[in-house]
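> One file: protein_18.pdb (PDB, N, CA and C atoms).
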ATOM      1  N   MET S   1     105.998  46.205 103.930  1.00  0.00           N
ATOM      2  CA  MET S   1     104.969  47.085 103.441  1.00  0.00           C
ATOM      3  C   MET S   1     103.633  46.862 104.185  1.00  0.00           C
ATOM      4  N   THR S   2     103.258  45.611 104.352  1.00  0.00           N
ATOM      5  CA  THR S   2     102.015  45.310 105.038  1.00  0.00           C
ATOM      6  C   THR S   2     102.091  45.745 106.502  1.00  0.00           C
ATOM      7  N   SER S   3     103.241  45.536 107.130  1.00  0.00           N
ATOM      8  CA  SER S   3     103.370  45.929 108.529  1.00  0.00           C
ATOM      9  C   SER S   3     103.318  47.449 108.680  1.00  0.00           C
ATOM     10  N   ASP S   4     103.801  48.184 107.666  1.00  0.00           N
ATOM     11  CA  ASP S   4     103.706  49.650 107.702  1.00  0.00           C
ATOM     12  C   ASP S   4     102.251  50.093 107.633  1.00  0.00           C
ATOM     13  N   ARG S   5     101.490  49.426 106.781  1.00  0.00           N
ATOM     14  CA  ARG S   5     100.059  49.760 106.666  1.00  0.00           C
ATOM     15  C   ARG S   5      99.321  49.445 107.957  1.00  0.00           C
ATOM     16  N   ILE S   6      99.629  48.314 108.558  1.00  0.00           N
ATOM     17  CA  ILE S   6      98.981  47.933 109.817  1.00  0.00           C
ATOM     18  C   ILE S   6      99.333  48.941 110.906  1.00  0.00           C
ATOM     19  N   GLU S   7     100.595  49.325 110.961  1.00  0.00           N
ATOM     20  CA  GLU S   7     101.012  50.304 111.959  1.00  0.00           C
ATOM     21  C   GLU S   7     100.308  51.645 111.742  1.00  0.00           C
ATOM     22  N   ALA S   8     100.182  52.056 110.491  1.00  0.00           N
ATOM     23  CA  ALA S   8      99.484  53.310 110.182  1.00  0.00           C
ATOM     24  C   ALA S   8      98.019  53.220 110.595  1.00  0.00           C
ATOM     25  N   LEU S   9      97.378  52.090 110.321  1.00  0.00           N
ATOM     26  CA  LEU S   9      95.978  51.905 110.712  1.00  0.00           C
ATOM     27  C   LEU S   9      95.818  51.890 112.227  1.00  0.00           C
ATOM     28  N   GLU S  10      96.740  51.243 112.931  1.00  0.00           N
ATOM     29  CA  GLU S  10      96.688  51.230 114.391  1.00  0.00           C
ATOM     30  C   GLU S  10      96.840  52.639 114.956  1.00  0.00           C
ATOM     31  N   THR S  11      97.693  53.426 114.331  1.00  0.00           N
ATOM     32  CA  THR S  11      97.880  54.813 114.766  1.00  0.00           C
ATOM     33  C   THR S  11      96.602  55.609 114.566  1.00  0.00           C
ATOM     34  N   VAL S  12      95.962  55.442 113.428  1.00  0.00           N
ATOM     35  CA  VAL S  12      94.714  56.145 113.144  1.00  0.00           C
ATOM     36  C   VAL S  12      93.640  55.731 114.152  1.00  0.00           C
ATOM     37  N   VAL S  13      93.545  54.439 114.421  1.00  0.00           N
ATOM     38  CA  VAL S  13      92.541  53.948 115.362  1.00  0.00           C
ATOM     39  C   VAL S  13      92.809  54.511 116.761  1.00  0.00           C
ATOM     40  N   ALA S  14      94.060  54.567 117.174  1.00  0.00           N
ATOM     41  CA  ALA S  14      94.392  55.109 118.494  1.00  0.00           C
ATOM     42  C   ALA S  14      93.984  56.574 118.589  1.00  0.00           C
ATOM     43  N   HIS S  15      94.237  57.346 117.546  1.00  0.00           N
ATOM     44  CA  HIS S  15      93.837  58.756 117.543  1.00  0.00           C
ATOM     45  C   HIS S  15      92.313  58.895 117.571  1.00  0.00           C
ATOM     46  N   GLN S  16      91.641  58.044 116.822  1.00  0.00           N
ATOM     47  CA  GLN S  16      90.182  58.101 116.807  1.00  0.00           C
ATOM     48  C   GLN S  16      89.600  57.721 118.162  1.00  0.00           C
ATOM     49  N   GLU S  17      90.168  56.738 118.820  1.00  0.00           N
ATOM     50  CA  GLU S  17      89.705  56.359 120.149  1.00  0.00           C
ATOM     51  C   GLU S  17      89.877  57.517 121.132  1.00  0.00           C
ATOM     52  N   ALA S  18      91.000  58.213 121.059  1.00  0.00           N
ATOM     53  CA  ALA S  18      91.240  59.361 121.939  1.00  0.00           C
ATOM     54  C   ALA S  18      90.237  60.471 121.645  1.00  0.00           C
ATOM     55  N   ALA S  19      89.973  60.706 120.369  1.00  0.00           N
ATOM     56  CA  ALA S  19      89.017  61.748 119.988  1.00  0.00           C
ATOM     57  C   ALA S  19      87.611  61.390 120.474  1.00  0.00           C
ATOM     58  N   ILE S  20      87.230  60.145 120.352  1.00  0.00           N
ATOM     59  CA  ILE S  20      85.910  59.703 120.805  1.00  0.00           C
ATOM     60  C   ILE S  20      85.797  59.863 122.320  1.00  0.00           C
ATOM     61  N   GLU S  21      86.841  59.521 123.041  1.00  0.00           N
ATOM     62  CA  GLU S  21      86.813  59.676 124.501  1.00  0.00           C
ATOM     63  C   GLU S  21      86.702  61.146 124.889  1.00  0.00           C
ATOM     64  N   ASP S  22      87.435  62.015 124.196  1.00  0.00           N
ATOM     65  CA  ASP S  22      87.334  63.453 124.464  1.00  0.00           C
ATOM     66  C   ASP S  22      85.922  63.961 124.192  1.00  0.00           C
ATOM     67  N   LEU S  23      85.334  63.527 123.090  1.00  0.00           N
ATOM     68  CA  LEU S  23      83.967  63.938 122.760  1.00  0.00           C
ATOM     69  C   LEU S  23      82.972  63.425 123.801  1.00  0.00           C
ATOM     70  N   SER S  24      83.172  62.210 124.257  1.00  0.00           N
ATOM     71  CA  SER S  24      82.291  61.645 125.269  1.00  0.00           C
ATOM     72  C   SER S  24      82.369  62.458 126.563  1.00  0.00           C
ATOM     73  N   ASP S  25      83.582  62.825 126.964  1.00  0.00           N
ATOM     74  CA  ASP S  25      83.745  63.651 128.168  1.00  0.00           C
ATOM     75  C   ASP S  25      83.053  64.995 128.003  1.00  0.00           C
ATOM     76  N   THR S  26      83.203  65.584 126.833  1.00  0.00           N
ATOM     77  CA  THR S  26      82.574  66.879 126.567  1.00  0.00           C
ATOM     78  C   THR S  26      81.057  66.767 126.628  1.00  0.00           C
ATOM     79  N   VAL S  27      80.504  65.724 126.058  1.00  0.00           N
ATOM     80  CA  VAL S  27      79.056  65.519 126.076  1.00  0.00           C
ATOM     81  C   VAL S  27      78.567  65.342 127.514  1.00  0.00           C
ATOM     82  N   GLN S  28      79.312  64.596 128.330  1.00  0.00           N
ATOM     83  CA  GLN S  28      78.913  64.404 129.724  1.00  0.00           C
ATOM     84  C   GLN S  28      78.932  65.728 130.484  1.00  0.00           C
ATOM     85  N   GLN S  29      79.949  66.551 130.254  1.00  0.00           N
ATOM     86  CA  GLN S  29      80.023  67.853 130.915  1.00  0.00           C
ATOM     87  C   GLN S  29      78.875  68.751 130.473  1.00  0.00           C
ATOM     88  N   GLN S  30      78.590  68.741 129.181  1.00  0.00           N
ATOM     89  CA  GLN S  30      77.504  69.574 128.675  1.00  0.00           C
ATOM     90  C   GLN S  30      76.162  69.091 129.228  1.00  0.00           C
ATOM     91  N   TRP S  31      75.972  67.794 129.347  1.00  0.00           N
ATOM     92  CA  TRP S  31      74.725  67.264 129.883  1.00  0.00           C
ATOM     93  C   TRP S  31      74.542  67.708 131.328  1.00  0.00           C
ATOM     94  N   ALA S  32      75.621  67.657 132.101  1.00  0.00           N
ATOM     95  CA  ALA S  32      75.539  68.090 133.503  1.00  0.00           C
ATOM     96  C   ALA S  32      75.186  69.577 133.567  1.00  0.00           C
ATOM     97  N   GLU S  33      75.777  70.380 132.683  1.00  0.00           N
ATOM     98  CA  GLU S  33      75.482  71.817 132.655  1.00  0.00           C
ATOM     99  C   GLU S  33      74.028  72.065 132.245  1.00  0.00           C
ATOM    100  N   ILE S  34      73.535  71.310 131.280  1.00  0.00           N
ATOM    101  CA  ILE S  34      72.139  71.446 130.850  1.00  0.00           C
ATOM    102  C   ILE S  34      71.205  71.118 132.009  1.00  0.00           C
ATOM    103  N   GLU S  35      71.493  70.058 132.745  1.00  0.00           N
ATOM    104  CA  GLU S  35      70.658  69.690 133.885  1.00  0.00           C
ATOM    105  C   GLU S  35      70.678  70.789 134.945  1.00  0.00           C
ATOM    106  N   ARG S  36      71.855  71.365 135.211  1.00  0.00           N
ATOM    107  CA  ARG S  36      71.958  72.447 136.187  1.00  0.00           C
ATOM    108  C   ARG S  36      71.142  73.650 135.734  1.00  0.00           C
ATOM    109  N   LEU S  37      71.240  73.988 134.456  1.00  0.00           N
ATOM    110  CA  LEU S  37      70.493  75.127 133.916  1.00  0.00           C
ATOM    111  C   LEU S  37      68.986  74.874 133.956  1.00  0.00           C
ATOM    112  N   LYS S  38      68.571  73.631 133.723  1.00  0.00           N
ATOM    113  CA  LYS S  38      67.143  73.305 133.806  1.00  0.00           C
ATOM    114  C   LYS S  38      66.620  73.506 135.224  1.00  0.00           C
ATOM    115  N   ARG S  39      67.417  73.071 136.210  1.00  0.00           N
ATOM    116  CA  ARG S  39      67.000  73.268 137.604  1.00  0.00           C
ATOM    117  C   ARG S  39      66.912  74.758 137.924  1.00  0.00           C
ATOM    118  N   GLU S  40      67.909  75.522 137.484  1.00  0.00           N
ATOM    119  CA  GLU S  40      67.914  76.972 137.731  1.00  0.00           C
ATOM    120  C   GLU S  40      66.723  77.640 137.045  1.00  0.00           C
ATOM    121  N   MET S  41      66.426  77.213 135.839  1.00  0.00           N
ATOM    122  CA  MET S  41      65.301  77.781 135.107  1.00  0.00           C
ATOM    123  C   MET S  41      63.979  77.453 135.810  1.00  0.00           C
ATOM    124  N   GLY S  42      63.882  76.263 136.365  1.00  0.00           N
ATOM    125  CA  GLY S  42      62.689  75.892 137.122  1.00  0.00           C
ATOM    126  C   GLY S  42      62.513  76.785 138.336  1.00  0.00           C
ATOM    127  N   LYS S  43      63.602  77.059 139.050  1.00  0.00           N
ATOM    128  CA  LYS S  43      63.536  77.954 140.209  1.00  0.00           C
ATOM    129  C   LYS S  43      63.091  79.348 139.792  1.00  0.00           C
ATOM    130  N   LEU S  44      63.671  79.854 138.706  1.00  0.00           N
ATOM    131  CA  LEU S  44      63.311  81.187 138.232  1.00  0.00           C
ATOM    132  C   LEU S  44      61.858  81.241 137.775  1.00  0.00           C
ATOM    133  N   THR S  45      61.408  80.187 137.132  1.00  0.00           N
ATOM    134  CA  THR S  45      60.018  80.133 136.678  1.00  0.00           C
ATOM    135  C   THR S  45      59.072  80.177 137.872  1.00  0.00           C
ATOM    136  N   ARG S  46      59.386  79.392 138.902  1.00  0.00           N
ATOM    137  CA  ARG S  46      58.539  79.405 140.098  1.00  0.00           C
ATOM    138  C   ARG S  46      58.552  80.777 140.769  1.00  0.00           C
ATOM    139  N   SER S  47      59.712  81.422 140.788  1.00  0.00           N
ATOM    140  CA  SER S  47      59.796  82.763 141.373  1.00  0.00           C
ATOM    141  C   SER S  47      58.950  83.751 140.583  1.00  0.00           C
ATOM    142  N   LEU S  48      59.034  83.687 139.268  1.00  0.00           N
ATOM    143  CA  LEU S  48      58.240  84.588 138.434  1.00  0.00           C
ATOM    144  C   LEU S  48      56.751  84.322 138.597  1.00  0.00           C
ATOM    145  N   GLU S  49      56.376  83.054 138.681  1.00  0.00           N
ATOM    146  CA  GLU S  49      54.962  82.734 138.874  1.00  0.00           C
ATOM    147  C   GLU S  49      54.463  83.298 140.198  1.00  0.00           C
ATOM    148  N   ALA S  50      55.289  83.236 141.221  1.00  0.00           N
ATOM    149  CA  ALA S  50      54.894  83.785 142.524  1.00  0.00           C
ATOM    150  C   ALA S  50      54.741  85.300 142.438  1.00  0.00           C
ATOM    151  N   ILE S  51      55.616  85.942 141.706  1.00  0.00           N
ATOM    152  CA  ILE S  51      55.534  87.397 141.538  1.00  0.00           C
ATOM    153  C   ILE S  51      54.272  87.768 140.771  1.00  0.00           C
ATOM    154  N   VAL S  52      53.970  87.023 139.721  1.00  0.00           N
ATOM    155  CA  VAL S  52      52.781  87.304 138.915  1.00  0.00           C
ATOM    156  C   VAL S  52      51.516  87.093 139.743  1.00  0.00           C
ATOM    157  N   GLU S  53      51.506  86.060 140.567  1.00  0.00           N
ATOM    158  CA  GLU S  53      50.335  85.815 141.417  1.00  0.00           C
ATOM    159  C   GLU S  53      50.116  86.958 142.402  1.00  0.00           C
ATOM    160  N   ASP S  54      51.188  87.577 142.853  1.00  0.00           N
ATOM    161  CA  ASP S  54      51.091  88.703 143.771  1.00  0.00           C
ATOM    162  C   ASP S  54      51.145  90.025 143.002  1.00  0.00           C
ATOM    163  N   GLY S  55      50.753  90.002 141.765  1.00  0.00           N
ATOM    164  CA  GLY S  55      50.865  91.154 140.870  1.00  0.00           C
ATOM    165  C   GLY S  55      50.102  92.376 141.315  1.00  0.00           C
ATOM    166  N   ASP S  56      49.051  92.232 142.099  1.00  0.00           N
ATOM    167  CA  ASP S  56      48.275  93.394 142.513  1.00  0.00           C
ATOM    168  C   ASP S  56      49.081  94.304 143.441  1.00  0.00           C
ATOM    169  N   GLU S  57      50.168  93.796 144.023  1.00  0.00           N
ATOM    170  CA  GLU S  57      51.005  94.610 144.895  1.00  0.00           C
ATOM    171  C   GLU S  57      52.047  95.403 144.113  1.00  0.00           C
ATOM    172  N   ALA S  58      52.295  95.046 142.879  1.00  0.00           N
ATOM    173  CA  ALA S  58      53.308  95.730 142.073  1.00  0.00           C
ATOM    174  C   ALA S  58      52.750  97.045 141.539  1.00  0.00           C
ATOM    175  N   PRO S  59      53.582  98.087 141.472  1.00  0.00           N
ATOM    176  CA  PRO S  59      53.108  99.354 140.922  1.00  0.00           C
ATOM    177  C   PRO S  59      52.885  99.242 139.415  1.00  0.00           C
ATOM    178  N   PRO S  60      52.019 100.064 138.846  1.00  0.00           N
ATOM    179  CA  PRO S  60      51.815 100.034 137.396  1.00  0.00           C
ATOM    180  C   PRO S  60      53.136 100.310 136.665  1.00  0.00           C
ATOM    181  N   VAL S  61      53.228  99.790 135.472  1.00  0.00           N
ATOM    182  CA  VAL S  61      54.468  99.875 134.704  1.00  0.00           C
ATOM    183  C   VAL S  61      54.848 101.315 134.395  1.00  0.00           C
ATOM    184  N   ASN S  62      53.911 102.150 134.040  1.00  0.00           N
ATOM    185  CA  ASN S  62      54.217 103.523 133.619  1.00  0.00           C
ATOM    186  C   ASN S  62      54.210 104.533 134.768  1.00  0.00           C
ATOM    187  N   GLN S  63      54.042 104.090 135.963  1.00  0.00           N
ATOM    188  CA  GLN S  63      53.996 104.992 137.104  1.00  0.00           C
ATOM    189  C   GLN S  63      55.430 105.405 137.484  1.00  0.00           C
ATOM    190  N   PRO S  64      55.678 106.721 137.678  1.00  0.00           N
ATOM    191  CA  PRO S  64      57.020 107.146 138.073  1.00  0.00           C
ATOM    192  C   PRO S  64      57.333 106.698 139.489  1.00  0.00           C
ATOM    193  N   PRO S  65      58.591 106.543 139.822  1.00  0.00           N
ATOM    194  CA  PRO S  65      58.960 106.152 141.176  1.00  0.00           C
ATOM    195  C   PRO S  65      58.486 107.167 142.198  1.00  0.00           C
ATOM    196  N   PRO S  66      58.360 106.783 143.456  1.00  0.00           N
ATOM    197  CA  PRO S  66      57.805 107.669 144.472  1.00  0.00           C
ATOM    198  C   PRO S  66      58.641 108.929 144.756  1.00  0.00           C
ATOM    199  N   HIS S  67      59.895 108.968 144.398  1.00  0.00           N
ATOM    200  CA  HIS S  67      60.725 110.121 144.706  1.00  0.00           C
ATOM    201  C   HIS S  67      60.531 111.268 143.727  1.00  0.00           C
ATOM    202  N   TYR S  68      59.655 111.152 142.724  1.00  0.00           N
ATOM    203  CA  TYR S  68      59.420 112.248 141.767  1.00  0.00           C
ATOM    204  C   TYR S  68      58.458 113.248 142.327  1.00  0.00           C
TER     205      TYR S  68
END
Go through the file and emit its structure as C-alpha cells.


Amino acid sequence: MTSDRIEALETVVAHQEAAIEDLSDTVQQQWAEIERLKREMGKLTRSLEAIVEDGDEAPPVNQPPPHY
C-alpha cells in the first residue's frame, strides 16, 4: 500500500515537472517575441517621429487627392 502511494506521488511529480518545463519554454518564447515586438515598435516610433517632424511637406488631411 505504501509503495503504491509513493509510486502515485512520483508519477504526479514527474507530470508536474514536465508541465513546469513546458511552461518555462513557453515563457522564454513569449519573452523573445516581446523583445522583438519592442524593437519593431521602437523602429516604427522613430519612423513616425521623422514623419511628424517633416509634417509641413504632408498635404492637409481634408484635401482631395491631386487627380480630382

> Please, what distance in Å, to one decimal, runs between atom CA of S:Arg5 and atom CA of S:Ile20?

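These two atoms are separated by 22.3 Å.
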
> Could you tell me how far atom N of S:Glu40 lies from atom N of S:Gln28, in Å and to one decimal?

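Interatomic distance, atom N of S:Glu40 to atom N of S:Gln28: 18.3 Å.
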
> How far is it from atom CA of S:Val12 to atom C of S:Val27, in Å with one decimal?

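For atom CA of S:Val12 relative to atom C of S:Val27, the distance reads 23.5 Å.
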